[in-house]
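Text of the file input38.tsv, holding TSV, C-alpha atoms and all ligand atoms:
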chain	number	residue	atom	x	y	z
A	1	MET	CA	0.00	0.00	0.00
A	2	LYS	CA	1.39	3.36	-0.92
A	3	ARG	CA	2.30	5.99	1.64
A	4	ARG	CA	-0.29	8.72	2.15
A	5	GLN	CA	0.61	12.17	0.97
A	6	TYR	CA	-0.34	15.50	2.39
A	7	LYS	CA	-4.03	16.20	2.07
A	8	GLY	CA	-5.86	19.33	0.92
A	9	ASP	CA	-3.80	22.47	0.66
A	10	VAL	CA	-1.96	22.05	3.96
A	11	VAL	CA	1.58	21.73	2.70
A	12	PRO	CA	4.27	22.06	5.33
A	13	HIS	CA	7.51	23.94	4.76
A	14	GLY	CA	6.33	25.40	1.47
A	15	GLU	CA	6.44	22.02	-0.25
A	16	LYS	CA	3.96	21.26	-3.00
A	17	MET	CA	2.11	18.01	-3.38
A	18	ARG	CA	3.01	16.08	-6.48
A	19	GLY	CA	-0.06	17.03	-8.45
A	20	ILE	CA	-1.88	19.84	-6.71
A	21	SER	CA	-0.71	23.40	-6.48
A	22	ASP	CA	-1.08	24.80	-2.95
A	23	LYS	CA	-2.74	27.96	-4.23
A	24	LYS	CA	-5.69	26.72	-6.28
A	25	GLU	CA	-8.88	25.13	-5.06
A	26	ILE	CA	-10.21	21.98	-6.63
A	27	ALA	CA	-12.95	22.78	-9.10
A	28	ILE	CA	-15.65	20.32	-10.11
A	29	ARG	CA	-18.01	20.51	-13.08
A	30	PRO	CA	-20.27	18.25	-15.15
A	31	ALA	CA	-18.36	16.33	-17.79
A	32	THR	CA	-18.75	17.25	-21.45
A	33	SER	CA	-17.95	15.30	-24.59
A	34	ALA	CA	-14.51	16.92	-24.49
A	35	ASP	CA	-13.79	14.94	-21.30
A	36	TYR	CA	-14.56	11.60	-22.87
A	37	GLY	CA	-10.95	10.80	-23.86
A	38	PHE	CA	-9.72	11.61	-20.36
A	39	ILE	CA	-12.44	9.48	-18.72
A	40	ARG	CA	-11.83	6.56	-21.04
A	41	ALA	CA	-8.07	6.61	-20.47
A	42	LEU	CA	-8.34	6.93	-16.68
A	43	SER	CA	-10.98	4.17	-16.54
A	44	LYS	CA	-8.68	1.87	-18.46
A	45	GLU	CA	-5.83	2.59	-16.09
A	46	ALA	CA	-7.93	2.30	-12.92
A	47	PHE	CA	-10.29	-0.56	-13.73
A	48	SER	CA	-8.59	-2.91	-16.24
A	49	LEU	CA	-7.65	-5.17	-13.35
A	50	TYR	CA	-11.35	-5.90	-12.83
A	51	GLY	CA	-12.58	-6.12	-16.39
A	52	ASP	CA	-12.74	-4.57	-19.80
A	53	TYR	CA	-14.60	-1.31	-19.36
A	54	GLU	CA	-14.14	-0.19	-22.96
A	55	GLU	CA	-17.81	-0.70	-23.72
A	56	ILE	CA	-19.58	0.06	-20.48
A	57	ILE	CA	-17.86	3.41	-19.78
A	58	PRO	CA	-19.07	5.03	-23.02
A	59	TRP	CA	-22.51	3.54	-22.47
A	60	TRP	CA	-22.68	5.01	-18.96
A	61	PHE	CA	-21.24	8.28	-20.22
A	62	MET	CA	-24.01	8.65	-22.80
A	63	HIS	CA	-26.81	7.46	-20.53
A	64	PRO	CA	-29.28	10.26	-19.71
A	65	ASP	CA	-29.66	9.12	-16.10
A	66	VAL	CA	-25.94	8.92	-15.40
A	67	MET	CA	-24.35	12.08	-14.09
A	68	THR	CA	-20.62	12.35	-14.74
A	69	MET	CA	-18.55	14.97	-12.93
A	70	VAL	CA	-14.89	15.84	-13.38
A	71	SER	CA	-12.50	17.73	-11.15
A	72	PHE	CA	-9.87	19.95	-12.67
A	73	GLU	CA	-7.26	22.54	-11.99
A	74	ASN	CA	-5.70	24.94	-14.50
A	75	MET	CA	-7.75	23.35	-17.30
A	76	ARG	CA	-6.34	19.91	-16.50
A	77	SER	CA	-8.81	17.22	-15.40
A	78	HIS	CA	-7.64	14.93	-12.62
A	79	SER	CA	-10.61	12.80	-11.59
A	80	PHE	CA	-14.10	11.77	-12.54
A	81	ALA	CA	-17.11	10.12	-10.93
A	82	MET	CA	-20.30	8.64	-12.37
A	83	LEU	CA	-23.60	8.46	-10.51
A	84	TYR	CA	-26.66	6.57	-11.69
A	85	VAL	CA	-29.23	9.00	-10.39
A	86	MET	CA	-32.20	6.61	-10.51
A	87	SER	CA	-30.72	4.25	-7.92
A	88	GLY	CA	-28.10	6.47	-6.30
A	89	GLU	CA	-25.37	4.06	-7.38
A	90	ILE	CA	-21.87	5.39	-7.78
A	91	LEU	CA	-20.81	3.52	-10.90
A	92	ALA	CA	-17.21	4.69	-10.96
A	93	ILE	CA	-14.87	7.10	-9.26
A	94	ALA	CA	-11.19	7.50	-10.09
A	95	VAL	CA	-8.41	9.97	-9.48
A	96	GLU	CA	-5.33	10.07	-11.67
A	97	PRO	CA	-2.48	8.29	-9.83
A	98	GLU	CA	-0.40	11.47	-9.82
A	99	PHE	CA	-3.13	13.26	-7.85
A	100	GLN	CA	-4.20	10.51	-5.46
A	101	GLY	CA	-3.90	11.01	-1.73
A	102	CYS	CA	-4.51	14.76	-1.93
A	103	GLY	CA	-8.19	14.78	-0.93
A	104	ILE	CA	-9.55	15.04	-4.48
A	105	GLY	CA	-11.54	11.81	-4.27
A	106	THR	CA	-13.14	13.03	-1.06
A	107	GLU	CA	-14.02	16.41	-2.59
A	108	LEU	CA	-15.53	14.73	-5.62
A	109	LEU	CA	-17.49	12.26	-3.53
A	110	ASN	CA	-18.81	15.07	-1.32
A	111	HIS	CA	-19.84	16.96	-4.43
A	112	ILE	CA	-21.66	13.94	-5.87
A	113	GLU	CA	-23.35	13.43	-2.52
A	114	ARG	CA	-24.55	17.05	-2.39
A	115	ILE	CA	-25.99	16.89	-5.89
A	116	ALA	CA	-27.59	13.50	-5.28
A	117	SER	CA	-29.15	14.85	-2.13
A	118	GLN	CA	-30.54	17.86	-3.97
A	119	LEU	CA	-32.02	15.48	-6.54
A	120	GLY	CA	-33.83	13.61	-3.80
A	121	VAL	CA	-31.57	10.58	-3.60
A	122	GLU	CA	-31.70	9.26	-0.04
A	123	ARG	CA	-29.05	6.57	-0.21
A	124	LEU	CA	-25.81	6.19	-2.13
A	125	LEU	CA	-24.85	2.69	-3.15
A	126	LEU	CA	-21.72	1.21	-4.68
A	127	HIS	CA	-19.75	-1.94	-5.41
A	128	THR	CA	-16.03	-2.08	-4.89
A	129	ALA	CA	-13.62	-5.00	-5.15
A	130	ILE	CA	-12.82	-6.58	-1.80
A	131	GLU	CA	-9.17	-6.68	-2.82
A	132	ASN	CA	-9.17	-2.95	-3.59
A	133	GLU	CA	-8.11	-2.05	-0.07
A	134	VAL	CA	-7.50	1.61	-0.83
A	135	ALA	CA	-10.99	2.04	-2.24
A	136	VAL	CA	-12.55	0.19	0.69
A	137	MET	CA	-10.69	2.47	3.13
A	138	PHE	CA	-11.62	5.48	1.04
A	139	PHE	CA	-15.34	4.67	1.17
A	140	HIS	CA	-15.17	3.79	4.86
A	141	SER	CA	-13.55	7.16	5.50
A	142	ALA	CA	-16.52	8.73	3.70
A	143	SER	CA	-18.91	6.93	6.10
A	144	PHE	CA	-20.06	4.19	3.75
A	145	SER	CA	-20.99	0.89	5.40
A	146	VAL	CA	-20.67	-2.63	4.05
A	147	ILE	CA	-24.11	-4.15	3.51
A	148	GLY	CA	-23.20	-7.23	1.51
A	149	LYS	CA	-20.80	-9.15	-0.64
A	150	GLU	CA	-21.15	-10.44	-4.19
A	151	GLU	CA	-18.90	-13.28	-5.34
A	152	GLY	CA	-17.62	-13.06	-8.91
A	153	TYR	CA	-19.15	-9.62	-9.41
A	154	TYR	CA	-16.38	-8.35	-11.68
A	155	PRO	CA	-15.78	-9.68	-15.21
A	156	ARG	CA	-12.33	-10.92	-14.14
A	157	GLY	CA	-13.89	-12.84	-11.27
A	158	GLN	CA	-13.20	-10.74	-8.19
A	159	ALA	CA	-15.76	-10.43	-5.43
A	160	ALA	CA	-17.29	-7.09	-4.57
A	161	LEU	CA	-18.35	-5.46	-1.37
A	162	ILE	CA	-21.68	-3.67	-1.55
A	163	MET	CA	-21.55	-0.45	0.43
A	164	ASN	CA	-24.08	2.23	1.12
A	165	LYS	CA	-24.59	5.52	2.91
A	166	LYS	CA	-27.75	7.32	3.86
A	167	ILE	CA	-27.66	10.91	2.68
A	168	GLY	CA	-29.88	13.94	2.56
A	169	VAL	CA	-30.90	14.39	6.17
A	170	GLU	CA	-27.64	16.02	7.20
A	171	TYR	CA	-27.76	18.53	4.36
A	172	LYS	CA	-31.36	19.47	5.03
A	173	ALA	CA	-30.68	19.83	8.74
A	174	LYS	CA	-27.61	21.98	8.23
A	175	GLY	CA	-29.17	23.94	5.40
A	176	THR	CA	-25.97	23.71	3.42
A	177	CYS	CA	-27.52	22.64	0.11
A	178	THR	CA	-26.84	25.94	-1.54
A	179	SER	CA	-24.12	25.42	-4.11
B	201	LIG	C1	-10.08	5.35	-4.34
B	201	LIG	C2	-9.65	6.74	-4.85
B	201	LIG	C3	-10.78	7.32	-5.71
B	201	LIG	C4	-9.39	7.66	-3.64
B	201	LIG	O1	-9.16	8.98	-4.11
B	201	LIG	P1	-8.07	9.94	-3.39
B	201	LIG	O2	-8.22	11.30	-3.92
B	201	LIG	O3	-6.74	9.31	-3.55
B	201	LIG	O4	-8.54	9.84	-1.85
B	201	LIG	P2	-8.41	10.97	-0.71
B	201	LIG	O5	-7.07	11.61	-0.81
B	201	LIG	O6	-9.60	11.86	-0.77
B	201	LIG	O7	-8.45	10.07	0.62
B	201	LIG	C5	-9.58	10.03	1.51
B	201	LIG	C6	-9.39	8.89	2.48
B	201	LIG	O8	-9.34	7.63	1.80
B	201	LIG	C7	-8.38	6.76	2.43
B	201	LIG	N1	-7.26	6.54	1.52
B	201	LIG	C8	-7.11	7.10	0.29
B	201	LIG	N2	-5.98	6.63	-0.28
B	201	LIG	C9	-5.40	5.79	0.61
B	201	LIG	C10	-4.21	5.00	0.60
B	201	LIG	N3	-3.39	4.96	-0.46
B	201	LIG	N4	-3.92	4.25	1.68
B	201	LIG	C11	-4.75	4.26	2.73
B	201	LIG	N5	-5.90	4.97	2.83
B	201	LIG	C12	-6.22	5.72	1.76
B	201	LIG	C13	-7.93	7.49	3.69
B	201	LIG	O9	-8.80	7.15	4.75
B	201	LIG	C14	-8.11	8.95	3.28
B	201	LIG	O10	-8.30	9.78	4.41
B	201	LIG	P3	-7.00	10.54	5.06
B	201	LIG	O11	-6.42	11.39	3.98
B	201	LIG	O12	-7.61	11.34	6.18
B	201	LIG	O13	-6.08	9.46	5.50
B	201	LIG	C15	-8.32	6.65	-5.67
B	201	LIG	O14	-7.37	5.94	-4.90
B	201	LIG	C16	-8.46	5.97	-7.02
B	201	LIG	O15	-8.77	6.62	-8.01
B	201	LIG	N6	-8.23	4.64	-7.07
B	201	LIG	C17	-8.33	3.90	-8.35
B	201	LIG	C18	-9.77	3.75	-8.82
B	201	LIG	C19	-10.63	3.06	-7.76
B	201	LIG	O16	-10.23	2.08	-7.14
B	201	LIG	N7	-11.85	3.58	-7.58
B	201	LIG	C20	-12.79	3.08	-6.58
B	201	LIG	C21	-13.61	1.97	-7.03
B	201	LIG	S1	-14.84	2.50	-8.20
Final structure tokens representation of the file:
Amino acid sequence: MKRRQYKGDVVPHGEKMRGISDKKEIAIRPATSADYGFIRALSKEAFSLYGDYEEIIPWWFMHPDVMTMVSFENMRSHSFAMLYVMSGEILAIAVEPEFQGCGIGTELLNHIERIASQLGVERLLLHTAIENEVAVMFFHSASFSVIGKEEGYYPRGQAALIMNKKIGVEYKAKGTCTS
């Protein structure tokens, strides 16, 4: 497992994190067709271990009920996430290796959660490979709970954990659903 890097923009002794400048904030926006190449390439890098996503990623990308968001800085995209709005399922989330461990995944997940909540989704759901320890820790850190396991879920045969998280109540209570 790789060593964690500094998170957010707290960079001691004037150092910079590998990917993120310490001056800019992470920006997130809906993906456009111009992002397709980036999403396809990052999916291949992140998910090939679990199956061939060459067909399903474009299909998800084009699907009217799938919301795809990308994060970027200085015009360069560094992560994306896909949410199937009808079921609240996070279909994919990935951060470019160069930018991992900087809090981008968390920011993107929080963003997805806020939008899902505004759309009336009450529960986020996802599958992640049991052997993908980093992802399992990542989702645990975002307060997802394991609710089941599915053997042979992935095309290459790996088992998946099914995780979920109730959302919505906190945002309504805090009245923070403004952006
Ligand atoms: C999983 C993934 C999206 C996390 O994104 P990230 O931007 O690197 O994660 P963050 O920096 O926001 O980390 C948030 C928390 O996740 C956990 N975490 C993330 N990377 C970790 C690592 N390498 N080792 C241990 N814990 C880790 C930690 O609890 C961390 O909290 P902390 O910073 O307070 O320790 C990223 O590693 C990735 O793209 N992986 C490949 C694709 C993938 O597996 N996607 C998930 C399945 S769809």
| said: Using only C-alpha atoms and all ligand atoms, which residues of the polymer chains come no farther than 7 Å from ligand LIG 201 (chain B)? I'd like the answer as an NGL selection string. | reply: :A and (1-4 or 7 or 46-47 or 91-97 or 99-107 or 128 or 132 or 134-135 or 137-139 or 141)
Resulting file, chosen residues, C-alpha atoms, as a compact mmCIF listing (two decimals), keeping the file's coordinate frame:
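Below you can see out.txt, which holds the result:
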# COMPACT_ATOMS: atom_id res chain seq x y z
CA MET A 1 0.00 0.00 0.00
CA LYS A 2 1.39 3.36 -0.92
CA ARG A 3 2.30 5.99 1.64
CA ARG A 4 -0.29 8.72 2.15
CA LYS A 7 -4.03 16.20 2.07
CA ALA A 46 -7.93 2.30 -12.92
CA PHE A 47 -10.29 -0.56 -13.73
CA LEU A 91 -20.81 3.52 -10.90
CA ALA A 92 -17.21 4.69 -10.96
CA ILE A 93 -14.87 7.10 -9.26
CA ALA A 94 -11.19 7.50 -10.09
CA VAL A 95 -8.41 9.97 -9.48
CA GLU A 96 -5.33 10.07 -11.67
CA PRO A 97 -2.48 8.29 -9.83
CA PHE A 99 -3.13 13.26 -7.85
CA GLN A 100 -4.20 10.51 -5.46
CA GLY A 101 -3.90 11.01 -1.73
CA CYS A 102 -4.51 14.76 -1.93
CA GLY A 103 -8.19 14.78 -0.93
CA ILE A 104 -9.55 15.04 -4.48
CA GLY A 105 -11.54 11.81 -4.27
CA THR A 106 -13.14 13.03 -1.06
CA GLU A 107 -14.02 16.41 -2.59
CA THR A 128 -16.03 -2.08 -4.89
CA ASN A 132 -9.17 -2.95 -3.59
CA VAL A 134 -7.50 1.61 -0.83
CA ALA A 135 -10.99 2.04 -2.24
CA MET A 137 -10.69 2.47 3.13
CA PHE A 138 -11.62 5.48 1.04
CA PHE A 139 -15.34 4.67 1.17
CA SER A 141 -13.55 7.16 5.50
List as a CSV table (one decimal) with C-alpha atoms, in the frame of the given file the residues having at least one atom at most 12 Å from position (-25.8, 7.2, -19.8) as given in the file, counting only C-alpha atoms.
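Contents of part_7.csv, as written:
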chain,number,residue,atom,x,y,z
A,31,ALA,CA,-18.4,16.3,-17.8
A,55,GLU,CA,-17.8,-0.7,-23.7
A,56,ILE,CA,-19.6,0.1,-20.5
A,57,ILE,CA,-17.9,3.4,-19.8
A,58,PRO,CA,-19.1,5.0,-23.0
A,59,TRP,CA,-22.5,3.5,-22.5
A,60,TRP,CA,-22.7,5.0,-19.0
A,61,PHE,CA,-21.2,8.3,-20.2
A,62,MET,CA,-24.0,8.6,-22.8
A,63,HIS,CA,-26.8,7.5,-20.5
A,64,PRO,CA,-29.3,10.3,-19.7
A,65,ASP,CA,-29.7,9.1,-16.1
A,66,VAL,CA,-25.9,8.9,-15.4
A,67,MET,CA,-24.4,12.1,-14.1
A,68,THR,CA,-20.6,12.4,-14.7
A,82,MET,CA,-20.3,8.6,-12.4
A,83,LEU,CA,-23.6,8.5,-10.5
A,84,TYR,CA,-26.7,6.6,-11.7
A,85,VAL,CA,-29.2,9.0,-10.4
A,86,MET,CA,-32.2,6.6,-10.5
A,91,LEU,CA,-20.8,3.5,-10.9
| request: Quote the spacing between CA of Ile28 (chain A) and CA of Val70 (chain A) in Å to one decimal place. | output: 5.6 Å
| query | With only C-alpha atoms as the basis for distance, which of A:Glu98, A:Glu151, A:Glu122, A:Glu73 is at the shortest distance from Arg29 (chain A)? | reply |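 Among the listed residues, the smallest separation from Arg29 (chain A) belongs to A:Glu73.
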| Counting all atoms listed in the file, the option among A:Ile147, A:Asn74, A:Met69, A:Ala81 closest to Ser43 (chain A) |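 Between A:Ile147, A:Asn74, A:Met69, A:Ala81, the residue approaching Ser43 (chain A) most closely is A:Ala81.
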| Closest of A:Ile26, A:Ala159, A:Leu125, A:Val146 to Tyr50 (chain A) - atom-to-atom distances counting only C-alpha atoms |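 Using only C-alpha atoms, Tyr50 (chain A) sits closest to A:Ala159.
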| message | Rounded to one decimal, what separation in Å do you get between CA of Leu124 (chain A) and CA of Gly88 (chain A)? | response | 4.8 Å
| query | CA of Glu54 (chain A) and CA of Tyr154 (chain A), how far apart in Å? | reply |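 Atom-to-atom, CA of Tyr154 (chain A) and CA of Glu54 (chain A) are spaced 14.1 Å apart.
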Kindly write C-alpha atoms of region 57-145 of chain A from the structure just given to a file, as an mmCIF file, in the first residue's frame.
data_model
loop_
_atom_site.group_PDB
_atom_site.id
_atom_site.type_symbol
_atom_site.label_atom_id
_atom_site.label_comp_id
_atom_site.auth_asym_id
_atom_site.auth_seq_id
_atom_site.Cartn_x
_atom_site.Cartn_y
_atom_site.Cartn_z
ATOM 1 C CA ILE A 57 -17.863 3.406 -19.776
ATOM 2 C CA PRO A 58 -19.066 5.029 -23.025
ATOM 3 C CA TRP A 59 -22.510 3.541 -22.469
ATOM 4 C CA TRP A 60 -22.678 5.012 -18.962
ATOM 5 C CA PHE A 61 -21.239 8.280 -20.225
ATOM 6 C CA MET A 62 -24.012 8.649 -22.802
ATOM 7 C CA HIS A 63 -26.810 7.456 -20.528
ATOM 8 C CA PRO A 64 -29.281 10.259 -19.715
ATOM 9 C CA ASP A 65 -29.660 9.124 -16.097
ATOM 10 C CA VAL A 66 -25.944 8.916 -15.403
ATOM 11 C CA MET A 67 -24.347 12.083 -14.087
ATOM 12 C CA THR A 68 -20.617 12.353 -14.741
ATOM 13 C CA MET A 69 -18.548 14.966 -12.931
ATOM 14 C CA VAL A 70 -14.888 15.840 -13.376
ATOM 15 C CA SER A 71 -12.504 17.728 -11.148
ATOM 16 C CA PHE A 72 -9.868 19.946 -12.668
ATOM 17 C CA GLU A 73 -7.256 22.544 -11.989
ATOM 18 C CA ASN A 74 -5.703 24.935 -14.498
ATOM 19 C CA MET A 75 -7.751 23.351 -17.301
ATOM 20 C CA ARG A 76 -6.343 19.912 -16.497
ATOM 21 C CA SER A 77 -8.808 17.220 -15.399
ATOM 22 C CA HIS A 78 -7.636 14.925 -12.620
ATOM 23 C CA SER A 79 -10.605 12.799 -11.588
ATOM 24 C CA PHE A 80 -14.104 11.772 -12.542
ATOM 25 C CA ALA A 81 -17.105 10.115 -10.931
ATOM 26 C CA MET A 82 -20.298 8.643 -12.367
ATOM 27 C CA LEU A 83 -23.600 8.465 -10.509
ATOM 28 C CA TYR A 84 -26.663 6.567 -11.694
ATOM 29 C CA VAL A 85 -29.226 8.997 -10.390
ATOM 30 C CA MET A 86 -32.199 6.609 -10.507
ATOM 31 C CA SER A 87 -30.719 4.249 -7.915
ATOM 32 C CA GLY A 88 -28.097 6.471 -6.300
ATOM 33 C CA GLU A 89 -25.373 4.065 -7.379
ATOM 34 C CA ILE A 90 -21.867 5.386 -7.781
ATOM 35 C CA LEU A 91 -20.810 3.516 -10.903
ATOM 36 C CA ALA A 92 -17.211 4.693 -10.962
ATOM 37 C CA ILE A 93 -14.874 7.100 -9.258
ATOM 38 C CA ALA A 94 -11.193 7.497 -10.085
ATOM 39 C CA VAL A 95 -8.411 9.969 -9.479
ATOM 40 C CA GLU A 96 -5.327 10.070 -11.673
ATOM 41 C CA PRO A 97 -2.481 8.292 -9.828
ATOM 42 C CA GLU A 98 -0.400 11.472 -9.815
ATOM 43 C CA PHE A 99 -3.127 13.255 -7.855
ATOM 44 C CA GLN A 100 -4.196 10.514 -5.456
ATOM 45 C CA GLY A 101 -3.897 11.012 -1.733
ATOM 46 C CA CYS A 102 -4.515 14.756 -1.925
ATOM 47 C CA GLY A 103 -8.185 14.783 -0.933
ATOM 48 C CA ILE A 104 -9.547 15.039 -4.482
ATOM 49 C CA GLY A 105 -11.537 11.807 -4.270
ATOM 50 C CA THR A 106 -13.136 13.034 -1.062
ATOM 51 C CA GLU A 107 -14.019 16.405 -2.592
ATOM 52 C CA LEU A 108 -15.528 14.730 -5.625
ATOM 53 C CA LEU A 109 -17.490 12.259 -3.531
ATOM 54 C CA ASN A 110 -18.810 15.071 -1.320
ATOM 55 C CA HIS A 111 -19.840 16.956 -4.426
ATOM 56 C CA ILE A 112 -21.657 13.945 -5.869
ATOM 57 C CA GLU A 113 -23.347 13.431 -2.520
ATOM 58 C CA ARG A 114 -24.553 17.048 -2.386
ATOM 59 C CA ILE A 115 -25.986 16.894 -5.886
ATOM 60 C CA ALA A 116 -27.591 13.502 -5.284
ATOM 61 C CA SER A 117 -29.154 14.852 -2.127
ATOM 62 C CA GLN A 118 -30.537 17.862 -3.975
ATOM 63 C CA LEU A 119 -32.016 15.482 -6.544
ATOM 64 C CA GLY A 120 -33.834 13.613 -3.800
ATOM 65 C CA VAL A 121 -31.566 10.578 -3.600
ATOM 66 C CA GLU A 122 -31.702 9.259 -0.043
ATOM 67 C CA ARG A 123 -29.050 6.571 -0.208
ATOM 68 C CA LEU A 124 -25.811 6.187 -2.134
ATOM 69 C CA LEU A 125 -24.846 2.685 -3.151
ATOM 70 C CA LEU A 126 -21.723 1.214 -4.681
ATOM 71 C CA HIS A 127 -19.751 -1.935 -5.405
ATOM 72 C CA THR A 128 -16.030 -2.078 -4.887
ATOM 73 C CA ALA A 129 -13.623 -4.995 -5.149
ATOM 74 C CA ILE A 130 -12.816 -6.581 -1.795
ATOM 75 C CA GLU A 131 -9.174 -6.681 -2.824
ATOM 76 C CA ASN A 132 -9.174 -2.954 -3.594
ATOM 77 C CA GLU A 133 -8.113 -2.048 -0.075
ATOM 78 C CA VAL A 134 -7.498 1.607 -0.830
ATOM 79 C CA ALA A 135 -10.994 2.044 -2.244
ATOM 80 C CA VAL A 136 -12.553 0.188 0.689
ATOM 81 C CA MET A 137 -10.688 2.475 3.130
ATOM 82 C CA PHE A 138 -11.624 5.480 1.040
ATOM 83 C CA PHE A 139 -15.341 4.669 1.167
ATOM 84 C CA HIS A 140 -15.175 3.787 4.855
ATOM 85 C CA SER A 141 -13.553 7.162 5.499
ATOM 86 C CA ALA A 142 -16.518 8.733 3.704
ATOM 87 C CA SER A 143 -18.912 6.932 6.102
ATOM 88 C CA PHE A 144 -20.059 4.189 3.747
ATOM 89 C CA SER A 145 -20.993 0.888 5.400
#
